[in-house]
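Engineer: Here you go, one structure.
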Amino acid sequence: MGAPLLELKSIRKTFPGVVALADVTFDLKAGEVHALVGENGAGKSTLLSVMNGLTAPDSGEIRIQGQPVVLSGPTVALANRLALVHQELVLCPNLSVAENIFLGREPKARLGRGNRVALNRMAEDLLGEIHVNLDPARKVGELSLNEQQIVEICRALASRPRVLVFDEPTASLNDDQVGHLLGIIRKLKANGLGVIYVSHRLGEVLDISDRVTVLRDGHVVGTREIAGLHEAALVSLMVGREHKPGEAAYKERQYGAVALEVKAISKASVFDDVSLEVRAGEIVGIAGLLGCQREAVARSIFGAASIDRGEIRIRGKAVALRSPREAIRAGIGFMPADRKGEGLVLPMSVGDNLGMAILRRLGRFGLLKRRQKNATANELVRKLAIKVSGLFQLASQLSGGNQQKIVIGKWIARGGDIVIAEDPTRGVDVGAKFEIWCTIQGLADEGKAVLLLTTELQEMMDACDRILVMSRGRVTGHFDRKDFSAEAIAHCFVA
Amino acid sequence: MSAIQLSSPSASRVIPFLLDLARDPIVWLIALIFVVGAMTSQYYLTTLNLENLMRNVAVIGLLSLGMTVVLLTGRIDLSVAALMIFSIVVGVVVMTEIAPLIGSRWLVRGNTYAGPIVPVILIALTTGAAIGAINGIGVAYFKVASFIMTLVSLTALRGFNYVLTDGHPYYLKAPLYQWIGDSKFAGIPVSFLLFLLVLLVLIGFVNGTVRGGRFYAIGGNEKAALYAGINTRRYVVLAYVISGLCAAIAGIVFTARLKSVDAPLAAGYELTAIAIAVIGGTALSGGIGSPWRTLLGSVAFAAGLNLLAIWGVGTWYQNLAIGIVLIASVGLSKMSRKKSKS
Amino acid sequence: MTMNTLETKMVEPALPARPADAWRHLSIGAMSRAAVLVALVIFGQAIAPSFLSLANIHVILLAVAAIGIMAYGMTLVVITGEIDLSIAGAAILSCVVGGLLIPTGSAVLVIGATLLTGLVVGLANGALVAALGIPSLIVTLGTLGIGRALANIVSGGQALYPEGLNAYLWLGRGQFAGVPVPVVLLVILGAAAVALTRYSTFGPALYATGGNVRAAKLSGINVVAVRVTVFAISGVCAALAGMLESARLSYINPAGFEGMELSVLAVTVLGGAALTGGVGSISGTLTASLIIGIVNNLLNQLGVSIYLQQVVTAVVILAVVLPGIRQREIAK
Amino acid sequence: MLKLSRRHLLKTAAALSVLAASPLTIVPAFAEDSVHAVLNGLIKKYSDEAKTGMSNGDVSALFERDGFRDYLDVYPVGDLAGGFVWKPGMGASFVGPYSKLQIKAPFTDYLPLPEGPVLDASKKYRIGLVFHGFNHPWLISLADTAAWEAKRHPNIELEVIDAEFDDNKMGQVIDTWIAKQYDGIVLWPNREAPMGPPVDRAVAAGIPVVSLDRRTSSEQISSEVLGNFYANGLQQGLYLKHAAPEGNIIFNRKDLGSTADSIRTGAFLEAIGNTPGYKVLANYHTNSQRTQAFKSTADALQAFKDISVSFNTGGEEAMGALDAIREANRLNSAPGGKKIMILANDDAREVLKEIKAGNIEMVSPYTPLIGDIGIRAVVMHIGAKAGLNEAPPKLIMTPNLPMITKEKMNIEGIETLTPDEWPYAYGPEVSG
């Protein structure tokens, strides 16, 4: 066996005031999946940028098949057959699937003319290779999130890479799709590709990887063979301390009266006849595969989308919620899964973001009560252990976990008694994950009614008092905590 | 990859294209204008009036074409109108400065330019491309917001136009210039043919080639284009160079018709160019639109105004109509898109 | 303690609401603006001894009063991520509509009608942008033309003279405690705008709408109301600024304020407002209008031609805007 | 280099224009004492003096820098058509169809055309008037007089279009009229250069074209009605010389390169060029905008403490300058506590009011009330084409008008008029 496909030697990168990477060494062999894990801020993103040519290291060496290279940009990385599947979807919504997949390396006819027919056929072939049936001529803007993710993966594959980097590829996929993706990765691996797999989902990491490298604070903590490695051991490597399982946050509670009652709501061709109720002090999860429309149900409850039929009752009173503002006034809070897109105003300060849902309360004759606003924000920062240097810090400068805490804090400040949480731990590192679960349990402990949507079934089973299962817009199952069973719930996914 | 054959018979694409065309409201609008024009005025469909119409389309169409390419990348170019005059001014001033060096005098009888016109045209085109490149470099490499960068160019170029000419007009009376401005070829004004030529080249490039398609990618999601290994900055500069070139060609057509160039000409035409591109369906947010649709937009715009002019409608009411049509056309397309989505 | 009752007491140690070394956190844009302003003042005093005289300061402030007031409105609009190209149309239509009431002899009616028309134009812009979702560039480009056309149509193109309407003329020519009224209004409205953006509950809603409209909506902020409000304010600011200019000259010109929208926009972006929304400040805008005012004053005092002044203004804008760009790059 | 070419222009100018020298020698005796002739004589006198040299270095430098000589030499100065003699008081009164204002037009007897059908009474004559600025008082009055004249003749159908200071648009309007086969076109061109080609096209299509006030670059044009600019600037200079032998002047000028600026300012400089006492303090182009003139004057008042004269190329500028001086409380801040002298052009009612009030020293009338001449001229051309009458001259000079001052004066043989003696003012009434 010759030189590794990719070698990083003593990579160092500092940003003003921060050492992002300190002496990082990493290698990848052909036909292996090498996972890269670490808490947010551990340096994974910087390392990926270095590999992708977006960031130039201060020192260190990169070798590809033994040859030193300078990756001065994404183009150079691609030329060295190193491709990256981005965490966030970086696609052109106005272009077709095929055009997106082959963007930058389209087949050319004479005089540089485009060749749409060839392009579509090539895209079809590539989609076929990973057993996906998707019309290559469709506009990406019309696709679902999951389908877009597949386009993103195909785009990386289209460059016929030797090294393929997956950055949190499953963040928005459900278990079924994750299984599919891992299957694709296994296939690629069998074809002799080297795969770098970055994920917070340690189960997947243990499942798919051959080796794992753990980063902490810009240092490599260790590189281990996966065989014989357990999740707990991996977590302690990452956080440098023992980790309590997600379940630890849960404790038995007394339920109060029904806070939120949804009676047979329907929306044409989206969901049909959905009923549920959440009592005070109860966490109710809605489980389901992507496309089960539970997000649409949550949005309708929050007034962000309309319903055609049915009734929503809050604390026993029927309400017609036509906008989020009315829902908020009725006491509902909503934590969207897409933190950056829907949860936060990134160019605004931590303090302003925390106060966003209580502006009316913070005003006297329209003037802002600054002391009170700061006091509230301070209390929340302390309570939720948000790591910030001051309330003036911009939300965009925080890590994912801390950003999520702000999204939660915003609704704690509001103090409504019904909370809808959509994927509250998406893309959040292990340490913060635990804190976030504790906070959510704390909300229920205080007597709030919590409606939880998360893509990871295990997390949901750890956190919820009850779970509803939805499939294709209908409720297909109903489980109390004592009856939780992954098999039984999964069975309802396809019912 | 090499085994793939080019197997797109043109016929198979023509029919859906025509069907699309028939569904396009702007096509119906143009048809309506012509029908109403023909019915209400005996002069509307005369050769002379149609020639006028084509000449009007040529200038505003050329400006809007350049604007369209820039808008496709999700940016804007406010400098087009100032640049269109500036490029010609530079052409003439440079040539008159060169003249004494080679012992001739090309500025006669006041400010009539009597020197060779081809170099003026070439310098104008170069100037247009160069200023476009400066705009593009400012936007792409120095990351100045395009609105600001081109607003600065607009202001500076307008100032330079006066500084360079001292406020004097230059007369441009070369036969070639006259030919461009006034002559016809096969019954069609040369200026309009020039516009059609630019249009065809741009359709071929933007909609036909892989490189041209990248304007759409950049406008759709610039990061995606960047991550796909496309040198987006170079394409942004290219878009501005195209816009600058279109402005210079528009300047040639414009001043060939007036046979002179004057510092304050074409004030405010940048906003007209934006309006036309938008009426043609180009999205300000980038990634949507095409040179072909800008042709429709400019024909609709010019034909509508021409009809009002034939009717003798006062300018104020014309302006009122432009404003309302602009808002309504975008509003209606927005609503229809919403409807088709839901 | 439940989390619901947090708002009552301050818990130590509190995190700073503002950084201790605030100046370090000033944007490079703000610093370069301040630097350019200081340099201009020093340079001005060096070349023109009367530069810092009270009279000349009045002249500079009077010259920027109208553009500054319009720029306040524009800044609010730009912070929400929109643009208002209609200000010149709004200003002229408002002044003309107000001017039609001159024969009543009631300054209150004239002023009221002027401001009301500005409000109506602003509300129309806001409704079309916020409710129908048409891009503001298009809407306001349209209303710019419509405003100008209507101003001509209702006035028949005739200039109007608010002679004898002393309260009206006072707005442009009067003094308040020795300070010209337009300058007083510039300061008062500036203070009001600062209060609105920084000390009112509308401020965070404003920045949130521009920074991330979906997040703002899902946090219960009425983004439609925010947008309509800023356009309405911009319309009223335009009407008021137009009225100040008309009153100073005692002359309402239906062809006036040509190209004003681009000058005001230039001041606004020079003041640091980003057209992408969510960023911008009234203080920046005010500084920027002072920079432009001083540059023009100095160039006029030096006898530089108006045409070169345009070039110089363009260069100044780039000189102030460029350094700020680098900073944003690094922050990314 | 540009200088050189302007010199060349000077030599070839004769073909284009009626130079002062030739017509004056053949002036009929009865016209000698008319205002028109007196002013033409003065124009020649000062022009000749200036050509031999200017002793005032400041004035000479400005004159040279902006190349006034080239413009002045091609601007026509000459006799009125048909030996017409204009006297104050002549003309007709009516209400302007556009402005709805009471108007007294001074030149309705010039190239007269009796009321009633013109030419072939059985035919309808379609005439187009295109100009800029339906929202500019001066220009509305121009349209008023044209429309009044057209209305006097039932078989004339007049279409009036505002091209809104867009030369390209004006060209398009003319092209549209060519397509619509109009019988005649009258235009007020904003700038000379761009309007030549459309006019040539119309003339080539057999349509007579008459320009008003400003010129086009067309040599084929049927007639040009113009001629008053020279007397304007000259009288501003003569008044200044008469009022004070020395002074520090600031200039508010129109667009660089515009006829109004080059001729008025140039003639003013010719008139004062050989008086050593005048100093040029500052020189602004204020784009014919009152606001701009206001700003530049306000700034100039700060830069210079010893301003004694404010020269304004137009009335708008003069009003802006006056407002700025008044606002700065500097009306009497000229050296020695004297009043700052404001010299103006354009006899708008608001300017006359300020003359009466003593705030503006003098104004040279520049009347927009010449649209009627244009209509009559174009009708005569249409008739000439059909062989019904003789064509009017190509150059139709408008009568030089005497300046207006608060008190009656006699300056170098020019009888000035007081505002009350001037019924021809244009623009809205301004209450006192």
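Ordering of the structure tokens sets the chain letters (A, B, ...), residue numbers begin anew at 1 in every chain, and ligands are numbered from 1 in the order given.
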Determine, for each residue of chain B having at least one atom at most 6 Å from an atom of chain C, the closest pair of atoms and their separation in Å to one decimal, counting only C-alpha atoms; order by chain and ascending number, as CSV.

Structural biologist:
residue,atom,partner,partner_atom,distance
B:Val152,CA,C:Ala314,CA,4.9
B:Thr155,CA,C:Gln310,CA,5.8
B:Ala156,CA,C:Val311,CA,4.2
B:Gly159,CA,C:Tyr307,CA,4.5
B:Trp316,CA,C:Ala149,CA,4.9
B:Asn319,CA,C:Gly145,CA,5.9
B:Leu320,CA,C:Ile146,CA,4.8
B:Gly323,CA,C:Gly142,CA,3.9
B:Ile327,CA,C:Val139,CA,5.5
B:Gly331,CA,C:Ile134,CA,5.6

Engineer: Deliver the residues from the most recent selection as a file, using all heavy atoms, as a compact mmCIF listing (two decimals), in the first residue's frame.

Structural biologist:
# COMPACT_ATOMS: atom_id res chain seq x y z
N VAL B 152 -21.29 55.68 -7.70
CA VAL B 152 -20.08 56.49 -7.70
C VAL B 152 -19.62 56.71 -9.15
O VAL B 152 -19.30 57.84 -9.55
CB VAL B 152 -18.98 55.80 -6.86
CG1 VAL B 152 -17.62 56.39 -7.17
CG2 VAL B 152 -19.29 55.94 -5.38
N THR B 155 -21.88 59.27 -10.89
CA THR B 155 -21.60 60.64 -10.49
C THR B 155 -20.30 61.14 -11.12
O THR B 155 -20.24 62.23 -11.69
CB THR B 155 -21.48 60.72 -8.95
OG1 THR B 155 -22.53 59.95 -8.39
CG2 THR B 155 -21.58 62.13 -8.47
N ALA B 156 -19.27 60.31 -11.01
CA ALA B 156 -17.96 60.73 -11.51
C ALA B 156 -17.98 60.91 -13.03
O ALA B 156 -17.47 61.89 -13.55
CB ALA B 156 -16.90 59.72 -11.10
N GLY B 159 -19.64 64.01 -14.15
CA GLY B 159 -18.74 65.14 -13.94
C GLY B 159 -17.67 65.18 -15.02
O GLY B 159 -17.41 66.24 -15.61
N TRP B 316 -46.56 64.19 -19.38
CA TRP B 316 -46.85 63.90 -17.98
C TRP B 316 -47.65 62.62 -17.85
O TRP B 316 -47.40 61.79 -16.99
CB TRP B 316 -47.62 65.04 -17.33
CG TRP B 316 -46.88 66.34 -17.34
CD1 TRP B 316 -45.53 66.49 -17.51
CD2 TRP B 316 -47.43 67.64 -17.19
NE1 TRP B 316 -45.22 67.80 -17.46
CE2 TRP B 316 -46.36 68.55 -17.26
CE3 TRP B 316 -48.72 68.12 -16.97
CZ2 TRP B 316 -46.53 69.91 -17.14
CZ3 TRP B 316 -48.89 69.48 -16.85
CH2 TRP B 316 -47.81 70.37 -16.94
N ASN B 319 -45.53 59.66 -18.48
CA ASN B 319 -44.73 59.28 -17.30
C ASN B 319 -45.59 58.56 -16.27
O ASN B 319 -45.15 57.60 -15.64
CB ASN B 319 -44.11 60.52 -16.66
CG ASN B 319 -43.10 61.16 -17.58
OD1 ASN B 319 -42.64 60.54 -18.52
ND2 ASN B 319 -42.78 62.41 -17.32
N LEU B 320 -46.80 59.07 -16.11
CA LEU B 320 -47.72 58.43 -15.18
C LEU B 320 -47.95 56.99 -15.61
O LEU B 320 -47.88 56.06 -14.80
CB LEU B 320 -49.05 59.21 -15.22
CG LEU B 320 -50.02 58.99 -14.07
CD1 LEU B 320 -49.37 59.45 -12.79
CD2 LEU B 320 -51.30 59.79 -14.33
N GLY B 323 -44.90 54.72 -14.88
CA GLY B 323 -44.82 54.35 -13.47
C GLY B 323 -45.83 53.28 -13.11
O GLY B 323 -45.50 52.29 -12.45
N ILE B 327 -44.99 49.23 -12.00
CA ILE B 327 -45.41 48.59 -10.74
C ILE B 327 -46.38 47.45 -11.03
O ILE B 327 -46.25 46.35 -10.50
CB ILE B 327 -46.07 49.63 -9.80
CG1 ILE B 327 -45.04 50.67 -9.38
CG2 ILE B 327 -46.65 48.95 -8.57
CD1 ILE B 327 -45.60 51.79 -8.55
N GLY B 331 -45.95 43.61 -10.18
CA GLY B 331 -46.93 43.15 -9.20
C GLY B 331 -47.73 41.96 -9.71
O GLY B 331 -47.90 40.96 -9.02

Engineer: Using DSSP secondary structure from the backbone, list all strand (DSSP E or B) positions within region 373-460 of chain A, as number ranges by chain.

Structural biologist: A: 394, 418-422, 449-453

Engineer: So which residues touch Pro291 (chain B) within 8 Å, counting only C-alpha atoms, skipping near sequence neighbours fewer than 5 positions away, as a list in words?

Structural biologist: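 Contacts, in chain order: Leu65, Thr68, Val69, Leu199, Leu202, Ile203 and Val206 of chain B.
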
Engineer: As a PDB file with N, CA, C and O atoms, in the first residue's frame, could you give me every residue of chain C near chain D (at most 7 Å apart, counting only C-alpha atoms)?

Structural biologist:
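Full text of selection-v4.pdb as output:
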ATOM      1  N   ALA C  48      -9.500  78.237   4.659  1.00  0.00           N
ATOM      2  CA  ALA C  48     -10.473  79.327   4.693  1.00  0.00           C
ATOM      3  C   ALA C  48     -10.662  79.762   6.132  1.00  0.00           C
ATOM      4  O   ALA C  48     -11.283  79.050   6.913  1.00  0.00           O
ATOM      5  N   SER C  50     -12.505  81.739   7.614  1.00  0.00           N
ATOM      6  CA  SER C  50     -13.859  81.919   8.145  1.00  0.00           C
ATOM      7  C   SER C  50     -14.611  80.589   8.192  1.00  0.00           C
ATOM      8  O   SER C  50     -15.794  80.554   8.458  1.00  0.00           O
ATOM      9  N   ASN C  56     -20.635  80.488   8.718  1.00  0.00           N
ATOM     10  CA  ASN C  56     -20.346  79.439   7.744  1.00  0.00           C
ATOM     11  C   ASN C  56     -20.898  78.093   8.203  1.00  0.00           C
ATOM     12  O   ASN C  56     -21.365  77.299   7.400  1.00  0.00           O
ATOM     13  N   VAL C  59     -24.304  78.060   7.241  1.00  0.00           N
ATOM     14  CA  VAL C  59     -24.438  77.842   5.798  1.00  0.00           C
ATOM     15  C   VAL C  59     -24.325  76.356   5.473  1.00  0.00           C
ATOM     16  O   VAL C  59     -25.128  75.792   4.722  1.00  0.00           O
ATOM     17  N   ALA C  63     -27.320  73.975   4.167  1.00  0.00           N
ATOM     18  CA  ALA C  63     -27.214  73.309   2.870  1.00  0.00           C
ATOM     19  C   ALA C  63     -27.515  71.822   2.978  1.00  0.00           C
ATOM     20  O   ALA C  63     -28.002  71.216   2.030  1.00  0.00           O
ATOM     21  N   ASN C 152     -46.851  67.665 -11.777  1.00  0.00           N
ATOM     22  CA  ASN C 152     -47.039  68.502 -12.961  1.00  0.00           C
ATOM     23  C   ASN C 152     -48.505  68.635 -13.319  1.00  0.00           C
ATOM     24  O   ASN C 152     -48.986  69.716 -13.655  1.00  0.00           O
ATOM     25  N   GLY C 157     -48.006  72.474 -14.113  1.00  0.00           N
ATOM     26  CA  GLY C 157     -46.626  72.835 -14.378  1.00  0.00           C
ATOM     27  C   GLY C 157     -46.224  74.186 -13.813  1.00  0.00           C
ATOM     28  O   GLY C 157     -45.091  74.604 -13.949  1.00  0.00           O
ATOM     29  N   GLN C 158     -47.167  74.866 -13.176  1.00  0.00           N
ATOM     30  CA  GLN C 158     -46.874  76.217 -12.700  1.00  0.00           C
ATOM     31  C   GLN C 158     -46.146  76.211 -11.366  1.00  0.00           C
ATOM     32  O   GLN C 158     -46.524  75.478 -10.453  1.00  0.00           O
ATOM     33  N   ALA C 159     -45.149  77.057 -11.283  1.00  0.00           N
ATOM     34  CA  ALA C 159     -44.510  77.265  -9.984  1.00  0.00           C
ATOM     35  C   ALA C 159     -45.500  77.952  -9.062  1.00  0.00           C
ATOM     36  O   ALA C 159     -46.387  78.678  -9.514  1.00  0.00           O
ATOM     37  N   GLU C 163     -46.111  83.107  -0.850  1.00  0.00           N
ATOM     38  CA  GLU C 163     -45.919  84.457  -0.315  1.00  0.00           C
ATOM     39  C   GLU C 163     -46.921  84.725   0.803  1.00  0.00           C
ATOM     40  O   GLU C 163     -48.066  84.305   0.709  1.00  0.00           O
ATOM     41  N   ARG C 173     -36.926  80.022   6.557  1.00  0.00           N
ATOM     42  CA  ARG C 173     -36.135  81.242   6.714  1.00  0.00           C
ATOM     43  C   ARG C 173     -36.005  81.707   8.150  1.00  0.00           C
ATOM     44  O   ARG C 173     -35.181  82.571   8.442  1.00  0.00           O
ATOM     45  N   LEU C 249     -36.764  79.340  -0.363  1.00  0.00           N
ATOM     46  CA  LEU C 249     -36.752  80.094  -1.612  1.00  0.00           C
ATOM     47  C   LEU C 249     -38.100  80.741  -1.880  1.00  0.00           C
ATOM     48  O   LEU C 249     -38.262  81.433  -2.875  1.00  0.00           O
ATOM     49  N   PRO C 254     -42.377  72.740  -9.564  1.00  0.00           N
ATOM     50  CA  PRO C 254     -42.801  71.364  -9.879  1.00  0.00           C
ATOM     51  C   PRO C 254     -41.699  70.561 -10.575  1.00  0.00           C
ATOM     52  O   PRO C 254     -41.821  69.352 -10.703  1.00  0.00           O
ATOM     53  N   ALA C 255     -40.644  71.219 -11.024  1.00  0.00           N
ATOM     54  CA  ALA C 255     -39.554  70.486 -11.665  1.00  0.00           C
ATOM     55  C   ALA C 255     -38.390  70.292 -10.704  1.00  0.00           C
ATOM     56  O   ALA C 255     -37.320  69.867 -11.106  1.00  0.00           O
ATOM     57  N   ASN C 297     -19.124  72.850   0.397  1.00  0.00           N
ATOM     58  CA  ASN C 297     -18.869  74.209   0.867  1.00  0.00           C
ATOM     59  C   ASN C 297     -17.438  74.622   0.545  1.00  0.00           C
ATOM     60  O   ASN C 297     -17.188  75.699   0.012  1.00  0.00           O
ATOM     61  N   ASN C 300     -16.856  75.014  -3.192  1.00  0.00           N
ATOM     62  CA  ASN C 300     -17.446  76.268  -3.645  1.00  0.00           C
ATOM     63  C   ASN C 300     -16.588  77.442  -3.206  1.00  0.00           C
ATOM     64  O   ASN C 300     -16.384  78.387  -3.954  1.00  0.00           O
ATOM     65  N   GLN C 301     -16.101  77.400  -1.975  1.00  0.00           N
ATOM     66  CA  GLN C 301     -15.263  78.494  -1.492  1.00  0.00           C
ATOM     67  C   GLN C 301     -13.971  78.574  -2.285  1.00  0.00           C
ATOM     68  O   GLN C 301     -13.417  79.643  -2.498  1.00  0.00           O
ATOM     69  N   GLY C 303     -13.839  77.755  -5.326  1.00  0.00           N
ATOM     70  CA  GLY C 303     -14.197  78.072  -6.708  1.00  0.00           C
ATOM     71  C   GLY C 303     -14.004  76.918  -7.666  1.00  0.00           C
ATOM     72  O   GLY C 303     -13.805  77.110  -8.861  1.00  0.00           O
ATOM     73  N   SER C 305     -15.172  73.996 -10.036  1.00  0.00           N
ATOM     74  CA  SER C 305     -16.388  73.922 -10.843  1.00  0.00           C
ATOM     75  C   SER C 305     -17.291  72.798 -10.352  1.00  0.00           C
ATOM     76  O   SER C 305     -16.830  71.795  -9.816  1.00  0.00           O
ATOM     77  N   ILE C 306     -18.566  73.005 -10.552  1.00  0.00           N
ATOM     78  CA  ILE C 306     -19.568  72.059 -10.057  1.00  0.00           C
ATOM     79  C   ILE C 306     -19.332  70.683 -10.664  1.00  0.00           C
ATOM     80  O   ILE C 306     -19.614  69.655 -10.066  1.00  0.00           O
TER      81      ILE C 306
END

Engineer: Just need the residues of chain B within 9 Å of chain D, counting only C-alpha atoms, so spit them out as number ranges by chain.

Structural biologist: B: 42-44, 46-49, 52, 56, 96-97, 100, 105, 107-111, 162, 166-171, 254-255, 257-262, 265-267, 306, 309-310, 312-316

Engineer: Would you kindly return, as a PyMOL selection string, each protein, DNA or RNA residue with an atom no farther than 10 Å from any atom of Glu7 (chain A), considering only C-alpha atoms and excluding same-chain residues fewer than 2 positions away?

Structural biologist: chain A and resi 3-5+9-10+25-29+51+61-68
